[in-house]
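A.B. asks: mmCIF, C-alpha atoms, file entry.cif:
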```cif
data_target
loop_
_atom_site.label_atom_id
_atom_site.label_comp_id
_atom_site.auth_asym_id
_atom_site.auth_seq_id
_atom_site.Cartn_x
_atom_site.Cartn_y
_atom_site.Cartn_z
CA MET W 924 0.00 0.00 0.00
CA SER W 925 1.35 3.38 -0.98
CA ALA W 926 0.23 5.20 2.16
CA GLU W 927 -0.96 4.07 5.54
CA VAL W 928 -4.55 2.84 5.41
CA THR W 929 -6.70 4.30 8.16
CA LEU W 930 -10.22 3.54 9.26
CA ARG W 931 -12.63 6.36 9.98
CA ALA W 932 -16.32 7.14 10.07
CA PRO W 933 -17.81 8.54 6.86
CA ARG W 934 -19.07 12.10 6.64
CA PRO W 935 -22.52 12.85 5.18
CA ASP W 936 -20.94 14.85 2.33
CA GLU W 937 -19.10 11.68 1.23
CA LEU W 938 -22.27 9.64 0.65
CA PRO W 939 -22.34 10.18 -3.16
CA GLU W 940 -18.69 9.12 -3.43
CA ILE W 941 -19.29 6.06 -1.23
CA SER W 942 -22.36 5.04 -3.25
CA ALA W 943 -20.39 5.39 -6.51
CA LEU W 944 -17.64 3.19 -5.03
CA MET W 945 -20.22 0.55 -4.07
CA LEU W 946 -21.60 0.50 -7.63
CA ARG W 947 -18.10 0.27 -9.17
CA SER W 948 -17.26 -2.58 -6.83
CA LYS W 949 -20.44 -4.50 -7.75
CA ALA W 950 -19.86 -3.87 -11.47
CA HIS W 951 -16.41 -5.45 -11.13
CA TRP W 952 -18.13 -8.85 -11.30
CA GLY W 953 -19.28 -8.22 -14.88
CA TYR W 954 -22.98 -7.60 -14.32
CA ASP W 955 -24.81 -5.98 -17.24
CA ALA W 956 -26.25 -2.46 -17.27
CA ALA W 957 -29.82 -3.59 -16.52
CA PHE W 958 -28.66 -5.57 -13.48
CA MET W 959 -26.59 -2.63 -12.22
CA GLN W 960 -29.50 -0.23 -12.68
CA ALA W 961 -31.70 -2.54 -10.61
CA CYS W 962 -29.10 -2.39 -7.81
CA VAL W 963 -28.75 1.41 -7.60
CA SER W 964 -31.22 1.91 -4.77
CA GLU W 965 -29.80 -0.91 -2.66
CA LEU W 966 -26.23 0.29 -3.30
CA THR W 967 -26.87 3.88 -2.27
CA MET W 968 -25.68 4.75 1.21
CA THR W 969 -27.94 7.28 2.91
CA PRO W 970 -27.87 9.52 5.97
CA ALA W 971 -30.26 7.02 7.58
CA ASP W 972 -27.60 4.29 7.15
CA LEU W 973 -25.06 6.46 8.95
CA ALA W 974 -27.53 7.18 11.75
CA ALA W 975 -28.72 3.59 12.23
CA ASP W 976 -25.55 1.54 11.80
CA ASP W 977 -21.83 1.52 12.42
CA CYS W 978 -20.10 2.55 9.21
CA PHE W 979 -16.40 2.82 8.52
CA LEU W 980 -14.24 3.75 5.56
CA ALA W 981 -10.77 2.51 4.74
CA CYS W 982 -8.78 5.44 3.37
CA ASP W 983 -5.33 5.78 1.84
CA GLY W 984 -4.61 9.46 2.37
CA VAL W 985 -7.69 11.23 1.01
CA ARG W 986 -8.85 8.35 -1.21
CA ILE W 987 -11.69 6.12 -0.03
CA LEU W 988 -10.66 2.52 -0.71
CA GLY W 989 -13.54 0.65 0.89
CA VAL W 990 -16.62 0.85 3.07
CA ALA W 991 -18.24 -1.43 5.64
CA GLN W 992 -21.58 -1.11 7.39
CA LEU W 993 -22.58 -3.17 10.41
CA SER W 994 -25.91 -3.44 12.20
CA CYS W 995 -26.21 -4.97 15.67
CA ASP W 996 -29.30 -6.08 17.54
CA GLY W 997 -28.44 -7.82 20.77
CA ALA W 998 -26.65 -11.09 20.11
CA ALA W 999 -27.15 -10.79 16.33
CA ALA W 1000 -25.10 -8.64 13.98
CA ALA W 1001 -25.25 -8.27 10.20
CA LEU W 1002 -22.58 -7.12 7.82
CA GLU W 1003 -24.83 -4.88 5.73
CA THR W 1004 -22.13 -3.58 3.40
CA LEU W 1005 -18.54 -4.38 2.54
CA TYR W 1006 -17.31 -2.97 -0.77
CA ILE W 1007 -13.78 -2.34 -1.96
CA ASP W 1008 -12.96 0.03 -4.81
CA THR W 1009 -11.63 -1.97 -7.74
CA PRO W 1010 -8.10 -0.45 -7.80
CA ALA W 1011 -7.72 -1.47 -4.14
CA LEU W 1012 -8.74 -5.13 -4.58
CA GLY W 1013 -6.13 -7.60 -3.36
CA ARG W 1014 -4.48 -5.09 -0.99
CA GLY W 1015 -5.95 -6.40 2.28
CA ILE W 1016 -8.64 -3.71 2.54
CA GLY W 1017 -11.45 -6.27 2.70
CA ARG W 1018 -9.74 -8.12 5.54
CA LEU W 1019 -9.12 -4.84 7.38
CA LEU W 1020 -12.79 -3.83 7.16
CA PHE W 1021 -14.04 -7.34 7.95
CA ASP W 1022 -11.84 -7.46 11.05
CA TRP W 1023 -13.25 -4.05 12.09
CA ALA W 1024 -16.78 -5.45 11.73
CA VAL W 1025 -15.98 -8.52 13.81
CA ARG W 1026 -14.33 -6.45 16.57
CA THR W 1027 -17.21 -3.96 16.60
CA ALA W 1028 -19.92 -6.62 16.65
CA THR W 1029 -18.13 -8.49 19.45
CA ALA W 1030 -17.72 -5.29 21.47
CA ARG W 1031 -21.46 -4.63 21.09
CA GLY W 1032 -22.24 -8.07 22.54
CA ALA W 1033 -23.13 -9.88 19.31
CA ARG W 1034 -22.50 -13.62 19.24
CA MET W 1035 -23.29 -14.22 15.55
CA LEU W 1036 -22.52 -12.24 12.41
CA SER W 1037 -24.67 -12.83 9.34
CA ILE W 1038 -23.64 -11.92 5.83
CA VAL W 1039 -25.82 -11.88 2.72
CA ALA W 1040 -23.14 -12.01 0.03
CA ASP W 1041 -22.82 -11.51 -3.66
CA PRO W 1042 -22.10 -15.03 -4.99
CA ASN W 1043 -18.71 -13.79 -6.22
CA ALA W 1044 -17.79 -12.49 -2.74
CA ALA W 1045 -18.88 -15.60 -0.82
CA PRO W 1046 -15.42 -17.26 -1.16
CA PHE W 1047 -13.85 -14.26 0.62
CA TYR W 1048 -16.23 -14.62 3.56
CA ARG W 1049 -15.65 -18.37 3.72
CA HIS W 1050 -11.90 -17.66 3.78
CA MET W 1051 -12.55 -15.31 6.73
CA GLY W 1052 -14.23 -18.18 8.62
CA ALA W 1053 -17.90 -17.71 7.78
CA VAL W 1054 -19.91 -20.81 6.93
CA PRO W 1055 -22.83 -21.24 4.51
CA ALA W 1056 -26.23 -20.96 6.18
CA GLY W 1057 -28.71 -21.03 3.30
CA SER W 1058 -29.79 -18.16 1.11
CA LYS W 1059 -31.80 -14.94 1.19
CA PRO W 1060 -33.75 -13.17 -1.55
CA SER W 1061 -31.97 -10.32 -3.29
CA GLY W 1062 -33.23 -6.89 -2.34
CA SER W 1063 -32.76 -5.72 -5.93
CA ILE W 1064 -33.43 -8.60 -8.34
CA PRO W 1065 -36.76 -10.45 -7.96
CA GLY W 1066 -36.30 -14.22 -7.89
CA ARG W 1067 -32.55 -14.05 -7.28
CA GLU W 1068 -31.23 -15.82 -4.18
CA LEU W 1069 -28.00 -14.73 -2.49
CA PRO W 1070 -25.74 -16.84 -0.29
CA LEU W 1071 -26.25 -16.38 3.45
CA LEU W 1072 -23.19 -16.99 5.60
CA THR W 1073 -22.70 -16.80 9.34
CA LEU W 1074 -19.71 -16.36 11.60
CA ALA W 1075 -19.76 -17.30 15.28
CA LEU W 1076 -18.21 -14.42 17.21
CA PRO W 1077 -15.92 -14.81 20.20
CA ALA W 1078 -17.25 -14.06 23.64
CA PRO W 1079 -16.29 -10.56 24.76
CA GLU W 1080 -13.22 -10.54 26.94
CA ILE W 1081 -13.96 -9.98 30.60
CA PRO W 1082 -11.28 -7.99 32.41
CA GLN W 1083 -9.57 -10.03 35.09
CA GLU W 1084 -9.23 -8.58 38.56
CA ASN W 1085 -5.76 -8.66 40.09
#
```
Just give me the structure as structure tokens.
C.D. replies:
Amino acid sequence: MSAEVTLRAPRPDELPEISALMLRSKAHWGYDAAFMQACVSELTMTPADLAADDCFLACDGVRILGVAQLSCDGAAAALETLYIDTPALGRGIGRLLFDWAVRTATARGARMLSIVADPNAAPFYRHMGAVPAGSKPSGSIPGRELPLLTLALPAPEIPQEN
């Protein structure tokens, strides 16, 4: 990596840039224009996303390299978004953001992380330790099923008294 990669929360003024990154990342898999158009709404990050969920960007200087969004509800967490800009693929950005999501979910008390993945991204999540757990309907393409994966999270560490 040319510069140190840092993680930080997104700013509302960056939402158009983040949404464009998400679309570029999805298009990397070779989907046609009609498919991509059907995904625009689902791949648009909104102020409501920032307010409701934990969101983080991976940045290399001023460039946004990737984005992750995590929702937590008690013992259950969901990786809502994890997209890497195409020039940054293969640089460890996905692992960095995935690790952030696991740490954050664990710190919030979650015991299970669920991931509804693009079929092309499912191997990455399996490599990270997630296991297949069925499928879920696509939020963009009627009739399309997406892989559902889950990852058991470690119990939060309890500080030991001396």
A.B. asks: Once the PyMOL selection byres ((chain W and resi 992-995) around 12) is applied to the coordinates I shared, what remains selected? I want it as JSON, numbers by chain.
C.D. replies: {"W": [931, 932, 933, 941, 945, 966, 968, 969, 971, 972, 973, 974, 975, 976, 977, 978, 979, 980, 981, 989, 990, 991, 996, 997, 998, 999, 1000, 1001, 1002, 1003, 1004, 1005, 1006, 1020, 1021, 1022, 1023, 1024, 1025, 1026, 1027, 1028, 1029, 1030, 1031, 1032, 1033, 1034, 1035, 1036, 1037, 1038]}
A.B. asks: I'd like to know which of W:Arg1018, W:Ser948, W:Pro1077, W:Gly1062 is closest to W:Glu965, using all atoms listed in the file.
C.D. replies: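 That would be W:Gly1062, the residue with the smallest distance to W:Glu965.
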A.B. asks: Rounded to one decimal place, report the atom CA of W:Ile1007-atom CA of W:Ser964 distance in Å.
C.D. replies: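 Between atom CA of W:Ile1007 and atom CA of W:Ser964 the gap works out to 18.2 Å.
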A.B. asks: Taking the file above as input, evaluate the PyMOL selection byres ((chain W and resi 1068) around 12) and report the hits as a list in words.
C.D. replies: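 For this structure, the PyMOL selection byres ((chain W and resi 1068) around 12) resolves to Val1039, Ala1040, Asp1041, Pro1042, Gly1057, Ser1058, Lys1059, Pro1060, Ser1061, Gly1062, Ser1063, Ile1064, Pro1065, Gly1066, Arg1067, Leu1069, Pro1070 and Leu1071 of chain W.
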A.B. asks: Tell me which protein, DNA and RNA residues are within 9 Å of W:Gly1052, counting only C-alpha atoms, leaving out same-chain ones fewer than 5 positions away, and put them as a ChimeraX atom specification.
C.D. replies: /W:1047,1073-1075
A.B. asks: Expand the PyMOL selection byres ((chain W and resi 929) around 7) into the individual residues it matches in the shown file, reporting them as a compact mmCIF listing (two decimals) with C-alpha atoms, in the coordinates of the input.
C.D. replies:
```
# COMPACT_ATOMS: atom_id res chain seq x y z
CA GLU W 927 -0.96 4.07 5.54
CA VAL W 928 -4.55 2.84 5.41
CA LEU W 930 -10.22 3.54 9.26
CA ARG W 931 -12.63 6.36 9.98
CA ALA W 981 -10.77 2.51 4.74
CA CYS W 982 -8.78 5.44 3.37
CA ASP W 983 -5.33 5.78 1.84
```
A.B. asks: At what distance in Å, to one decimal, does atom CA of W:Ala1011 lie from atom CA of W:Glu937?
C.D. replies: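 Calculated distance between atom CA of W:Glu937 and atom CA of W:Ala1011 is 18.2 Å.
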A.B. asks: Restricting the calculation to only C-alpha atoms: of W:Asn1043, W:Gly1013, W:Val1054, W:Ser942, which residue gets closest to W:Tyr954?
C.D. replies: W:Asn1043
A.B. asks: Atom CA of W:Ala957 to atom CA of W:Leu1012: how many Å, to one decimal?
C.D. replies: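 So the answer is 24.3 Å.
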A.B. asks: N, CA and C atoms for stretch 967-992 of chain W, written as a compact mmCIF listing (two decimals), keeping the file's coordinate frame, could you do that?
C.D. replies:
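Output file part-v7.txt is given in full below:
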```
# COMPACT_ATOMS: atom_id res chain seq x y z
N THR W 967 -26.99 2.45 -2.57
CA THR W 967 -26.87 3.88 -2.27
C THR W 967 -26.87 4.04 -0.76
N MET W 968 -25.75 4.51 -0.22
CA MET W 968 -25.68 4.75 1.21
C MET W 968 -26.34 6.09 1.52
N THR W 969 -27.13 6.11 2.57
CA THR W 969 -27.94 7.28 2.91
C THR W 969 -27.59 7.81 4.30
N PRO W 970 -28.04 9.02 4.61
CA PRO W 970 -27.87 9.52 5.97
C PRO W 970 -28.51 8.60 7.01
N ALA W 971 -29.61 7.95 6.65
CA ALA W 971 -30.26 7.02 7.58
C ALA W 971 -29.33 5.83 7.89
N ASP W 972 -28.57 5.37 6.91
CA ASP W 972 -27.60 4.29 7.15
C ASP W 972 -26.57 4.73 8.18
N LEU W 973 -26.07 5.95 8.02
CA LEU W 973 -25.06 6.46 8.95
C LEU W 973 -25.63 6.61 10.36
N ALA W 974 -26.90 6.99 10.45
CA ALA W 974 -27.53 7.18 11.75
C ALA W 974 -27.86 5.86 12.44
N ALA W 975 -28.24 4.85 11.66
CA ALA W 975 -28.72 3.59 12.23
C ALA W 975 -27.62 2.58 12.53
N ASP W 976 -26.55 2.60 11.74
CA ASP W 976 -25.55 1.54 11.80
C ASP W 976 -24.16 2.09 12.04
N ASP W 977 -23.25 1.18 12.38
CA ASP W 977 -21.83 1.52 12.42
C ASP W 977 -21.30 1.45 11.00
N CYS W 978 -20.68 2.50 10.55
CA CYS W 978 -20.10 2.55 9.21
C CYS W 978 -18.66 3.02 9.31
N PHE W 979 -17.78 2.39 8.54
CA PHE W 979 -16.40 2.82 8.52
C PHE W 979 -15.87 2.78 7.10
N LEU W 980 -14.95 3.69 6.83
CA LEU W 980 -14.24 3.75 5.56
C LEU W 980 -12.81 3.35 5.78
N ALA W 981 -12.21 2.71 4.78
CA ALA W 981 -10.77 2.51 4.74
C ALA W 981 -10.25 3.55 3.76
N CYS W 982 -9.29 4.34 4.20
CA CYS W 982 -8.78 5.44 3.37
C CYS W 982 -7.27 5.35 3.27
N ASP W 983 -6.75 5.73 2.13
CA ASP W 983 -5.33 5.78 1.84
C ASP W 983 -5.06 7.25 1.54
N GLY W 984 -4.69 8.01 2.55
CA GLY W 984 -4.61 9.46 2.37
C GLY W 984 -6.03 10.00 2.27
N VAL W 985 -6.35 10.67 1.18
CA VAL W 985 -7.69 11.23 1.01
C VAL W 985 -8.61 10.31 0.21
N ARG W 986 -8.05 9.25 -0.38
CA ARG W 986 -8.85 8.35 -1.21
C ARG W 986 -9.62 7.35 -0.36
N ILE W 987 -10.89 7.16 -0.67
CA ILE W 987 -11.69 6.12 -0.03
C ILE W 987 -11.46 4.83 -0.80
N LEU W 988 -10.98 3.81 -0.09
CA LEU W 988 -10.66 2.52 -0.71
C LEU W 988 -11.74 1.48 -0.49
N GLY W 989 -12.52 1.63 0.58
CA GLY W 989 -13.54 0.65 0.89
C GLY W 989 -14.47 1.16 1.96
N VAL W 990 -15.60 0.47 2.09
CA VAL W 990 -16.62 0.85 3.07
C VAL W 990 -17.23 -0.41 3.67
N ALA W 991 -17.53 -0.34 4.96
CA ALA W 991 -18.24 -1.43 5.64
C ALA W 991 -19.33 -0.82 6.50
N GLN W 992 -20.43 -1.54 6.59
CA GLN W 992 -21.58 -1.11 7.39
C GLN W 992 -22.05 -2.31 8.20
```
